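Colleague: The structure is given below, and queries will be raised subsequently.
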Amino acid sequence: MFTQFNKIISLSFRDYTHEWRMSGCFVLALASVLAPMMILFGLKFGIVSSMINGLIENPANREIRAVGSGRYDDAWFERFRARKDVAFVIPKTRALAATIQLKSPNASRIFSTEMLATAEHDPLLVNVASKPQGYYQIVLSESIADKLKVHKGERVDGSLVRQFRGKRERVHIDLQVVDIVPVSVISRKMVFVSLDLILATESFKDGRAVTALGWSGDAEKSTMREFPSFRLYARSISDVENLVKDLQQQGINVKANISEIKTVQSIDHNLSIIFWIIACVGAVGFSFSLGASLWANVDRKRRELSILRLVGFHGGKIILFPVLQSMYTGFLGWLLAVLMYLLAEQSINQLLAPSLDIDQVICYLLPQHFFWALALTMFVAATAAILGGIRASRIEPSDGLREI
Amino acid sequence: MPVIYSLKNVVKSRVVEDAGFRLRVPSIEIKAQENVALVGHSGCGKSTLLDMLALALHPDSADEFKLTPIDDKSQDIARLWQKKKQNQLAKIRRQHIGYVLQQGGLLPYLTVRENIELPRKLMNMPEDDSTRSIARVMGIHRQLDKLPGLLSAGERQRVAFTRALSHRPSILLADEPTASLDPITARKIMAVVMELVKGLKITMITASHDWAHVYKMDLRSLHQEAEVVENGNVYQSTFRD
């Protein structure tokens with residue numbers, strides 16, 4: 001009957017607010033169990049996940065290096081660039097051809113530096129906003145930038161030397177430093193350039209002309225280029241093993257950090273297990289403590305529930321009374337726990353962030369995590385109250401009447 | 001007058017602290033507008049019998065347990081219990097019976113007015129002056145907006161009677177309604193209740209261990225006798241007309 005249903009909602013709410021001290025205690029008890037669990041998860045999804053992800057996605061662990069030199073044409077690179085398990089692949093020229101002398105006005109020495117071709121999506125240059133474009137832009141590694149005493153935006157002089165028709169020739173090229181890669185990403189002295197520049201360099205050293213840069217020599221080679229090596233990164237460490245297998249099947253001898261990958265994977269796996277154990281123990285403990293207190297509450301309410309039955313409420317509707325009250329407790333407790341969590345999250349992030357020197361926030365939860373916390377709370381609250389309520393509705397109306 | 005309650009060989013047993021207790025009702029008939037008292041010392045089963053009459057407690061066995069409310073068809077209560085028709089019992093209780101408990105049994109979170117009107121609202125009865133007029137007769141019309149916790153024990157019992165009568169039941173049951181009151185207050189309240197019951201043509205059954213009221217008021221008292229049976233293991237109490 002609709003009247004009874006409405007009446008039960010309003011009665012249960014009236015009772016709940018009338019007993020606000022008791023209700024407040026239940027809400028506090030719930031929140032004080034839920035909030036620490038949320039903070040634990042906040043830490044798991046914040047710092048721990050980002051640290052593990054850092055290990056997992058570390059470019060060094062995803063790199064597959066060719067051993068010795070081979071012959072790879074554009075079609076080969078296209079094919080690998082198209083693969084889903086390949087994050088980045090770019091040609092490498094001969095080491096001797098890929099060397100450039102760098103000189104800056106701020107430092108007296110000239111540094112002979114290895115060049116690496118780069119492009120968009122290079123894992124080594126993830127945090128570099130502007131990739132080197134065309135012939136005149138470069139990105140320096142921090143160690144060589146320090147030696148040259150140059151900063152982002154400044155210019156350096158690059159020069160190349162060759163023996164051509166018995167004469168020693170040198171060409172200069174004015175280069176702009178568009179960015180600097182921190183030493184945490186790459187420790188070696190290294191200059192990242194566009195593929196265009198590194199190809200021009202190779203042409204020059206092979207004695208050919210590069211008209212775009214005004215370098216003279218033999219006629220430019222227009223046929224298909226082949227490269228002796230490549231720089232290749234898998235999409236994630238779990239793709240490495242498969243890629244290595246494929247490459248080896250093509251007769252390409254490669255190396256990868258398979259053993260390190262195994263270590264990282266097992267750390268990730270074990271930490272996840274530990275977290276899930278804590279989570280399960282926490283969730284079970286939370287369910288029991290919430291369930292027990294709500295069950296006890298139904299018992300405490302027996303006399304009033306008996307009176308409601310005596311006045312003429314149906315047994316089934318009576319169950320709603322403690323269930324609704326548990327829902328109020330569940331919702332308010334969750335709300336309080338969320339507030340407590342947000343406060344803790346703010347404090348943790350503000351107190352610890354400066355000392356940890358990472359861009360990632362230390363503690364955070366996604367909106368769906370809050371939703372799942374609410375769903376779990378409501379489910380446990382309703383279940384405990386329904387079990388207690390069924391018991392309360394089964395007893396005869398007279399049973400609860402004369403309890404003190 | 002027509003018979004309202006008709007009970008034959010009704011038995012209810014309970015185990016209280018390892019001692020057996022058995023309530024026996026060989027035969028009771030209560031007629032419309034009768035004013036009946038269940039008299040006996042405490043523990044003799046008055047409340048148990050009253051709860052059964054209020055359809056709040058099921059009998060262990062009964063050859064007959066019939067309730068025939070005024071202007072309604074006869075109900076086989078024993079069968080309804082047997083078939084666990086709890087909701088139907090709740091419905092009969094809601095429509096025909098008002099019950100006053102020793103401690104009032106008021107809901108502490110509702111005002112006096114809301115307590116009184118709760119049975120009416122459950123039956124979708126329209127609001128009218130009758131609640132107010134009963135409250136006035138009972139002398140609690142000035143307390144309507146207070147919570148029960150602020151009232152004296154006597155006032156709470158007055159409210160309990162008002163609530164029990166608010167939905168115009170034809171049967172009023174009262175379990176030791178004056179036990180927690182001083183004799184003067186008790187007599188005053190019972191006198192008012194008697195007036196109302198007579199005026200509203202209601203059948204009233206009261207349990208009381210206090211003999212004094214019974215002699216003062218014009219009540220029919222049911223006979224009660226107690227004996228120890230089954231080698232002293234069971235205390236048996238019998239009520240009869």
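Letters A, B, ... go to the chains of the structure tokens in the order shown; residues in each chain start at 1; ligands are counted from 1 in the same order.
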Write out as a list of chain:residue names the residues lying within 8 Å of region 122-134 of chain B, counting only C-alpha atoms and excluding same-chain residues fewer than 3 positions away.
Modeller: A:Thr3, A:Gln4, A:Lys7, A:Gly312, A:Phe313, B:Arg94, B:Gln95, B:Ile116, B:Glu117, B:Leu118, B:Pro119, B:Val137, B:Met138, B:His141, B:Thr162, B:Ser166, B:His167
Colleague: Could you save the residues just selected, with C-alpha atoms, as a compact mmCIF listing (two decimals), in the first residue's frame?
Modeller:
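In the end it all went to part_2.txt:
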```
# COMPACT_ATOMS: atom_id res chain seq x y z
CA THR A 3 0.33 5.13 2.17
CA GLN A 4 2.26 2.68 4.30
CA LYS A 7 4.60 6.65 6.01
CA GLY A 312 -1.04 -2.14 11.73
CA PHE A 313 2.03 -1.95 9.49
CA ARG B 94 -5.58 -2.01 12.24
CA GLN B 95 -9.30 -1.72 11.53
CA ILE B 116 -2.51 9.87 17.79
CA GLU B 117 -3.16 10.30 14.08
CA LEU B 118 -0.81 7.51 12.93
CA PRO B 119 -3.49 4.74 12.94
CA VAL B 137 -12.07 14.64 26.82
CA MET B 138 -8.82 12.91 27.78
CA HIS B 141 -5.49 18.87 24.00
CA THR B 162 -6.41 8.59 22.68
CA SER B 166 -8.45 7.61 17.26
CA HIS B 167 -9.27 5.29 14.37
```
Colleague: Quick check: residues of chain B within 10 Å of chain A, only C-alpha atoms, returned as number ranges by chain.
Modeller: B: 47-48, 50-52, 54-58, 86-95, 97-99, 101-103, 105-110, 118-124, 163-164
Colleague: Out of region 113-278 of chain A, which residues get strand (DSSP E or B) from DSSP, as a PDB file with N, CA and C atoms, in the first residue's frame?
Modeller:
```
ATOM      1  N   THR A 113      80.036  15.166 -31.173  1.00  0.00           N
ATOM      2  CA  THR A 113      78.844  14.615 -30.519  1.00  0.00           C
ATOM      3  C   THR A 113      78.080  13.692 -31.469  1.00  0.00           C
ATOM      4  N   GLU A 114      77.553  12.630 -30.896  1.00  0.00           N
ATOM      5  CA  GLU A 114      76.777  11.695 -31.703  1.00  0.00           C
ATOM      6  C   GLU A 114      75.377  12.251 -31.947  1.00  0.00           C
ATOM      7  N   MET A 115      74.883  12.105 -33.184  1.00  0.00           N
ATOM      8  CA  MET A 115      73.536  12.558 -33.514  1.00  0.00           C
ATOM      9  C   MET A 115      72.573  11.365 -33.525  1.00  0.00           C
ATOM     10  N   LEU A 116      71.346  11.630 -33.062  1.00  0.00           N
ATOM     11  CA  LEU A 116      70.295  10.607 -33.161  1.00  0.00           C
ATOM     12  C   LEU A 116      69.138  11.240 -33.906  1.00  0.00           C
ATOM     13  N   ALA A 117      68.616  10.521 -34.888  1.00  0.00           N
ATOM     14  CA  ALA A 117      67.433  11.035 -35.578  1.00  0.00           C
ATOM     15  C   ALA A 117      66.222  10.894 -34.658  1.00  0.00           C
ATOM     16  N   THR A 118      65.355  11.890 -34.717  1.00  0.00           N
ATOM     17  CA  THR A 118      64.155  11.819 -33.885  1.00  0.00           C
ATOM     18  C   THR A 118      62.948  12.309 -34.681  1.00  0.00           C
ATOM     19  N   GLN A 137      67.302  22.906 -36.560  1.00  0.00           N
ATOM     20  CA  GLN A 137      66.886  22.802 -35.157  1.00  0.00           C
ATOM     21  C   GLN A 137      67.473  21.540 -34.532  1.00  0.00           C
ATOM     22  N   ILE A 138      67.879  21.657 -33.251  1.00  0.00           N
ATOM     23  CA  ILE A 138      68.384  20.483 -32.540  1.00  0.00           C
ATOM     24  C   ILE A 138      67.856  20.477 -31.107  1.00  0.00           C
ATOM     25  N   VAL A 139      67.875  19.293 -30.507  1.00  0.00           N
ATOM     26  CA  VAL A 139      67.587  19.152 -29.068  1.00  0.00           C
ATOM     27  C   VAL A 139      68.834  18.536 -28.455  1.00  0.00           C
ATOM     28  N   LEU A 140      69.344  19.161 -27.393  1.00  0.00           N
ATOM     29  CA  LEU A 140      70.568  18.661 -26.766  1.00  0.00           C
ATOM     30  C   LEU A 140      70.246  17.863 -25.525  1.00  0.00           C
ATOM     31  N   SER A 141      71.096  16.873 -25.235  1.00  0.00           N
ATOM     32  CA  SER A 141      70.987  16.238 -23.927  1.00  0.00           C
ATOM     33  C   SER A 141      71.626  17.184 -22.915  1.00  0.00           C
ATOM     34  N   ARG A 155      71.955  29.537 -29.816  1.00  0.00           N
ATOM     35  CA  ARG A 155      72.457  28.947 -31.055  1.00  0.00           C
ATOM     36  C   ARG A 155      73.835  28.339 -30.848  1.00  0.00           C
ATOM     37  N   VAL A 156      74.112  27.278 -31.604  1.00  0.00           N
ATOM     38  CA  VAL A 156      75.449  26.690 -31.601  1.00  0.00           C
ATOM     39  C   VAL A 156      75.884  26.496 -33.056  1.00  0.00           C
ATOM     40  N   ASP A 157      77.171  26.359 -33.242  1.00  0.00           N
ATOM     41  CA  ASP A 157      77.708  26.131 -34.576  1.00  0.00           C
ATOM     42  C   ASP A 157      78.022  24.656 -34.730  1.00  0.00           C
ATOM     43  N   GLY A 158      77.442  24.031 -35.762  1.00  0.00           N
ATOM     44  CA  GLY A 158      77.754  22.637 -36.047  1.00  0.00           C
ATOM     45  C   GLY A 158      78.676  22.584 -37.254  1.00  0.00           C
ATOM     46  N   SER A 159      79.664  21.693 -37.211  1.00  0.00           N
ATOM     47  CA  SER A 159      80.538  21.593 -38.383  1.00  0.00           C
ATOM     48  C   SER A 159      80.832  20.138 -38.699  1.00  0.00           C
ATOM     49  N   LEU A 160      81.017  19.856 -40.004  1.00  0.00           N
ATOM     50  CA  LEU A 160      81.280  18.502 -40.476  1.00  0.00           C
ATOM     51  C   LEU A 160      82.559  18.533 -41.313  1.00  0.00           C
ATOM     52  N   VAL A 161      83.288  17.443 -41.220  1.00  0.00           N
ATOM     53  CA  VAL A 161      84.550  17.363 -41.967  1.00  0.00           C
ATOM     54  C   VAL A 161      84.514  16.138 -42.872  1.00  0.00           C
ATOM     55  N   ARG A 162      85.097  16.261 -44.095  1.00  0.00           N
ATOM     56  CA  ARG A 162      85.235  15.072 -44.943  1.00  0.00           C
ATOM     57  C   ARG A 162      86.522  15.183 -45.767  1.00  0.00           C
ATOM     58  N   GLN A 163      87.005  14.043 -46.198  1.00  0.00           N
ATOM     59  CA  GLN A 163      88.084  14.002 -47.186  1.00  0.00           C
ATOM     60  C   GLN A 163      87.410  13.851 -48.544  1.00  0.00           C
ATOM     61  N   PHE A 164      87.533  14.829 -49.426  1.00  0.00           N
ATOM     62  CA  PHE A 164      86.850  14.769 -50.717  1.00  0.00           C
ATOM     63  C   PHE A 164      87.845  15.062 -51.823  1.00  0.00           C
ATOM     64  N   LYS A 167      91.099  16.303 -50.761  1.00  0.00           N
ATOM     65  CA  LYS A 167      91.181  17.530 -49.965  1.00  0.00           C
ATOM     66  C   LYS A 167      90.340  17.359 -48.699  1.00  0.00           C
ATOM     67  N   ARG A 168      90.759  18.056 -47.661  1.00  0.00           N
ATOM     68  CA  ARG A 168      89.990  18.049 -46.422  1.00  0.00           C
ATOM     69  C   ARG A 168      89.002  19.214 -46.474  1.00  0.00           C
ATOM     70  N   GLU A 169      87.708  18.918 -46.347  1.00  0.00           N
ATOM     71  CA  GLU A 169      86.680  19.963 -46.437  1.00  0.00           C
ATOM     72  C   GLU A 169      85.895  20.061 -45.125  1.00  0.00           C
ATOM     73  N   ARG A 170      85.526  21.277 -44.804  1.00  0.00           N
ATOM     74  CA  ARG A 170      84.699  21.465 -43.599  1.00  0.00           C
ATOM     75  C   ARG A 170      83.522  22.368 -43.953  1.00  0.00           C
ATOM     76  N   VAL A 171      82.302  21.988 -43.500  1.00  0.00           N
ATOM     77  CA  VAL A 171      81.132  22.861 -43.684  1.00  0.00           C
ATOM     78  C   VAL A 171      80.562  23.218 -42.304  1.00  0.00           C
ATOM     79  N   HIS A 172      79.980  24.412 -42.238  1.00  0.00           N
ATOM     80  CA  HIS A 172      79.368  24.860 -40.971  1.00  0.00           C
ATOM     81  C   HIS A 172      77.863  24.975 -41.140  1.00  0.00           C
ATOM     82  N   ILE A 173      77.173  24.759 -40.055  1.00  0.00           N
ATOM     83  CA  ILE A 173      75.706  24.928 -40.098  1.00  0.00           C
ATOM     84  C   ILE A 173      75.266  25.572 -38.770  1.00  0.00           C
ATOM     85  N   ASP A 174      74.438  26.614 -38.898  1.00  0.00           N
ATOM     86  CA  ASP A 174      73.998  27.372 -37.716  1.00  0.00           C
ATOM     87  C   ASP A 174      72.772  26.664 -37.112  1.00  0.00           C
ATOM     88  N   LEU A 175      72.916  26.168 -35.885  1.00  0.00           N
ATOM     89  CA  LEU A 175      71.851  25.345 -35.288  1.00  0.00           C
ATOM     90  C   LEU A 175      71.212  26.050 -34.096  1.00  0.00           C
ATOM     91  N   GLN A 176      69.877  25.889 -33.988  1.00  0.00           N
ATOM     92  CA  GLN A 176      69.158  26.478 -32.859  1.00  0.00           C
ATOM     93  C   GLN A 176      68.776  25.377 -31.863  1.00  0.00           C
ATOM     94  N   VAL A 177      69.083  25.603 -30.577  1.00  0.00           N
ATOM     95  CA  VAL A 177      68.734  24.619 -29.538  1.00  0.00           C
ATOM     96  C   VAL A 177      67.275  24.850 -29.156  1.00  0.00           C
ATOM     97  N   VAL A 178      66.361  23.967 -29.611  1.00  0.00           N
ATOM     98  CA  VAL A 178      64.940  24.191 -29.309  1.00  0.00           C
ATOM     99  C   VAL A 178      64.534  23.613 -27.956  1.00  0.00           C
ATOM    100  N   ASP A 179      65.320  22.658 -27.458  1.00  0.00           N
ATOM    101  CA  ASP A 179      64.997  22.136 -26.123  1.00  0.00           C
ATOM    102  C   ASP A 179      66.167  21.338 -25.576  1.00  0.00           C
ATOM    103  N   ILE A 180      66.081  21.000 -24.298  1.00  0.00           N
ATOM    104  CA  ILE A 180      67.145  20.222 -23.667  1.00  0.00           C
ATOM    105  C   ILE A 180      66.511  19.049 -22.927  1.00  0.00           C
ATOM    106  N   VAL A 181      67.048  17.862 -23.125  1.00  0.00           N
ATOM    107  CA  VAL A 181      66.498  16.664 -22.491  1.00  0.00           C
ATOM    108  C   VAL A 181      67.216  16.443 -21.156  1.00  0.00           C
ATOM    109  N   MET A 190      74.554  13.828 -26.315  1.00  0.00           N
ATOM    110  CA  MET A 190      73.769  13.394 -27.470  1.00  0.00           C
ATOM    111  C   MET A 190      73.058  14.602 -28.057  1.00  0.00           C
ATOM    112  N   VAL A 191      72.968  14.639 -29.401  1.00  0.00           N
ATOM    113  CA  VAL A 191      72.183  15.692 -30.005  1.00  0.00           C
ATOM    114  C   VAL A 191      71.106  15.054 -30.883  1.00  0.00           C
ATOM    115  N   PHE A 192      69.863  15.471 -30.639  1.00  0.00           N
ATOM    116  CA  PHE A 192      68.744  14.938 -31.412  1.00  0.00           C
ATOM    117  C   PHE A 192      68.475  15.861 -32.577  1.00  0.00           C
ATOM    118  N   VAL A 193      68.390  15.278 -33.774  1.00  0.00           N
ATOM    119  CA  VAL A 193      68.156  16.095 -34.963  1.00  0.00           C
ATOM    120  C   VAL A 193      67.056  15.453 -35.795  1.00  0.00           C
ATOM    121  N   SER A 194      66.615  16.201 -36.798  1.00  0.00           N
ATOM    122  CA  SER A 194      65.608  15.623 -37.697  1.00  0.00           C
ATOM    123  C   SER A 194      66.288  14.607 -38.610  1.00  0.00           C
ATOM    124  N   ARG A 208      78.784  13.422 -51.375  1.00  0.00           N
ATOM    125  CA  ARG A 208      77.764  13.887 -52.303  1.00  0.00           C
ATOM    126  C   ARG A 208      77.337  15.311 -51.944  1.00  0.00           C
ATOM    127  N   VAL A 210      74.712  18.424 -51.149  1.00  0.00           N
ATOM    128  CA  VAL A 210      73.409  18.658 -50.518  1.00  0.00           C
ATOM    129  C   VAL A 210      73.000  20.062 -50.925  1.00  0.00           C
ATOM    130  N   TRP A 215      75.880  22.580 -50.025  1.00  0.00           N
ATOM    131  CA  TRP A 215      77.113  21.792 -49.929  1.00  0.00           C
ATOM    132  C   TRP A 215      77.368  21.129 -51.284  1.00  0.00           C
ATOM    133  N   ASP A 218      79.488  15.178 -55.344  1.00  0.00           N
ATOM    134  CA  ASP A 218      78.952  14.369 -56.439  1.00  0.00           C
ATOM    135  C   ASP A 218      77.451  14.543 -56.494  1.00  0.00           C
ATOM    136  N   GLU A 226      68.950   2.938 -47.960  1.00  0.00           N
ATOM    137  CA  GLU A 226      68.928   1.837 -46.994  1.00  0.00           C
ATOM    138  C   GLU A 226      69.713   2.253 -45.773  1.00  0.00           C
ATOM    139  N   PHE A 227      69.273   1.762 -44.630  1.00  0.00           N
ATOM    140  CA  PHE A 227      69.938   2.157 -43.382  1.00  0.00           C
ATOM    141  C   PHE A 227      70.553   0.927 -42.722  1.00  0.00           C
ATOM    142  N   SER A 229      70.905   0.469 -39.504  1.00  0.00           N
ATOM    143  CA  SER A 229      70.366   0.112 -38.188  1.00  0.00           C
ATOM    144  C   SER A 229      69.093   0.910 -37.908  1.00  0.00           C
ATOM    145  N   PHE A 230      68.536   0.708 -36.734  1.00  0.00           N
ATOM    146  CA  PHE A 230      67.286   1.391 -36.367  1.00  0.00           C
ATOM    147  C   PHE A 230      67.252   1.601 -34.859  1.00  0.00           C
ATOM    148  N   ARG A 231      66.377   2.531 -34.500  1.00  0.00           N
ATOM    149  CA  ARG A 231      66.083   2.737 -33.075  1.00  0.00           C
ATOM    150  C   ARG A 231      64.607   2.378 -32.916  1.00  0.00           C
ATOM    151  N   LEU A 232      64.279   1.347 -32.089  1.00  0.00           N
ATOM    152  CA  LEU A 232      62.915   0.829 -32.031  1.00  0.00           C
ATOM    153  C   LEU A 232      62.459   0.686 -30.581  1.00  0.00           C
ATOM    154  N   TYR A 233      61.239   1.151 -30.291  1.00  0.00           N
ATOM    155  CA  TYR A 233      60.655   1.011 -28.950  1.00  0.00           C
ATOM    156  C   TYR A 233      59.312   0.287 -29.042  1.00  0.00           C
ATOM    157  N   ALA A 234      59.132  -0.682 -28.170  1.00  0.00           N
ATOM    158  CA  ALA A 234      57.843  -1.385 -28.118  1.00  0.00           C
ATOM    159  C   ALA A 234      56.814  -0.501 -27.424  1.00  0.00           C
ATOM    160  N   VAL A 254      68.907  -9.089 -32.461  1.00  0.00           N
ATOM    161  CA  VAL A 254      68.557  -7.950 -31.596  1.00  0.00           C
ATOM    162  C   VAL A 254      68.785  -8.282 -30.130  1.00  0.00           C
ATOM    163  N   LYS A 255      68.823  -7.204 -29.330  1.00  0.00           N
ATOM    164  CA  LYS A 255      68.957  -7.369 -27.883  1.00  0.00           C
ATOM    165  C   LYS A 255      67.891  -6.518 -27.181  1.00  0.00           C
ATOM    166  N   ALA A 256      67.405  -7.018 -26.050  1.00  0.00           N
ATOM    167  CA  ALA A 256      66.461  -6.226 -25.253  1.00  0.00           C
ATOM    168  C   ALA A 256      66.663  -6.590 -23.790  1.00  0.00           C
TER     169      ALA A 256
END
```
Colleague: For Leu144 (chain B), please output as a list in words all residues within 8 Å (counting only C-alpha atoms; exclusion window: fewer than 6 positions along the same chain).
Modeller: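 That gives Thr111, Val112 and Arg113 of chain B.
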Colleague: Go ahead and write the residues just picked, C-alpha atoms, as a PDB file, in the first residue's frame.
Modeller:
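Once everything was written out, this is again.pdb:
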```pdb
ATOM      1  CA  THR B 111       4.604  14.549  18.453  1.00  0.00           C
ATOM      2  CA  VAL B 112       1.548  13.636  20.479  1.00  0.00           C
ATOM      3  CA  ARG B 113      -0.686  14.682  17.588  1.00  0.00           C
TER       4      ARG B 113
END
```
Colleague: Counting only C-alpha atoms, what is within 6 Å of region 6-17 of chain B, bar same-chain residues fewer than 2 positions away, as a list in words?
Modeller: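 Those residues are Ala19, Gly20, Phe21, Arg22, Leu23, Arg24, Val25, Pro26, Ser27, Ile28, Glu29, Pro59, Asp60, Ser61, Ala62, Asp63, Glu64, Phe65 and Lys66 of chain B.
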Colleague: Among the residues of region 77-220 of chain B, find those DSSP assigns to helix (DSSP H, G or I) from the backbone and print them as an MDAnalysis selection string.
Modeller: chainID B and resid 77:82 86:96 112:122 130:138 148:150 153:166 183:200 211:216
Colleague: I want to know what sits within 9 Å of Glu155 (chain B), based on only C-alpha atoms, with residues of the same chain fewer than 5 positions away left out; could you give that as a ChimeraX atom specification?
Modeller: /B:138-140,143,148,160
Colleague: What's around Ile70 (chain B) at 9 Å? Count only C-alpha atoms, leave out sequence neighbours fewer than 6 positions away in its own chain, and write the answer as a ChimeraX atom specification.
Modeller: /B:2,4,32,96,170
Colleague: Generate a file of the selected residues that holds N, CA and C atoms, formatted as a short mmCIF file (atom, residue, chain, number, x, y, z; two decimals), in the first residue's frame.
Modeller:
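Output contents, as saved in result03.cif:
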```
data_model
loop_
_atom_site.label_atom_id
_atom_site.label_comp_id
_atom_site.auth_asym_id
_atom_site.auth_seq_id
_atom_site.Cartn_x
_atom_site.Cartn_y
_atom_site.Cartn_z
N PRO B 2 -24.43 -9.18 20.22
CA PRO B 2 -23.71 -10.25 19.50
C PRO B 2 -22.38 -10.57 20.16
N ILE B 4 -18.53 -11.09 20.24
CA ILE B 4 -17.38 -10.54 19.50
C ILE B 4 -16.25 -11.57 19.46
N ALA B 32 -20.50 -7.81 22.48
CA ALA B 32 -20.31 -6.40 22.10
C ALA B 32 -20.62 -5.49 23.28
N HIS B 96 -9.95 -2.81 13.59
CA HIS B 96 -10.96 -3.05 14.63
C HIS B 96 -10.45 -2.95 16.06
N SER B 170 -13.71 -0.91 17.28
CA SER B 170 -14.86 -1.37 18.07
C SER B 170 -14.39 -2.13 19.31
#
```
Colleague: Find the residues near Arg65 (chain A): any atom within 12 Å, counting only C-alpha atoms, skip ones fewer than 2 places away on the same chain, and give them as JSON, numbers by chain.
Modeller: {"A": [59, 60, 61, 62, 63, 67, 68, 69, 89, 90, 91, 92, 229, 230, 231, 232, 233, 234, 240, 243, 244, 247, 248, 252, 253, 254, 255, 256, 257, 258]}
Colleague: Using CA of Ser347 (chain A) and CA of Pro36 (chain A) as the two end points, give the distance in Å to one decimal.
Modeller: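 About the pair CA of Ser347 (chain A) and CA of Pro36 (chain A): they are 13.9 Å apart.
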Colleague: With distances taken over only C-alpha atoms, which residue among B:Val100, B:Val229, B:Ala207, B:Met1 lies nearest Ser42 (chain B)?
Modeller: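 Of B:Val100, B:Val229, B:Ala207, B:Met1, the one nearest Ser42 (chain B) is B:Ala207, counting only C-alpha atoms.
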Colleague: Measure the distance from CA of Ile277 (chain A) to CA of Lys44 (chain A) in Å and round it to one decimal.
Modeller: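 Between these atoms lies a distance of 12.8 Å.
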Colleague: For a test of reading the model, state the distance in Å between CA of Ala209 (chain A) and CA of Lys131 (chain A), rounded to one decimal.
Modeller: 26.0 Å
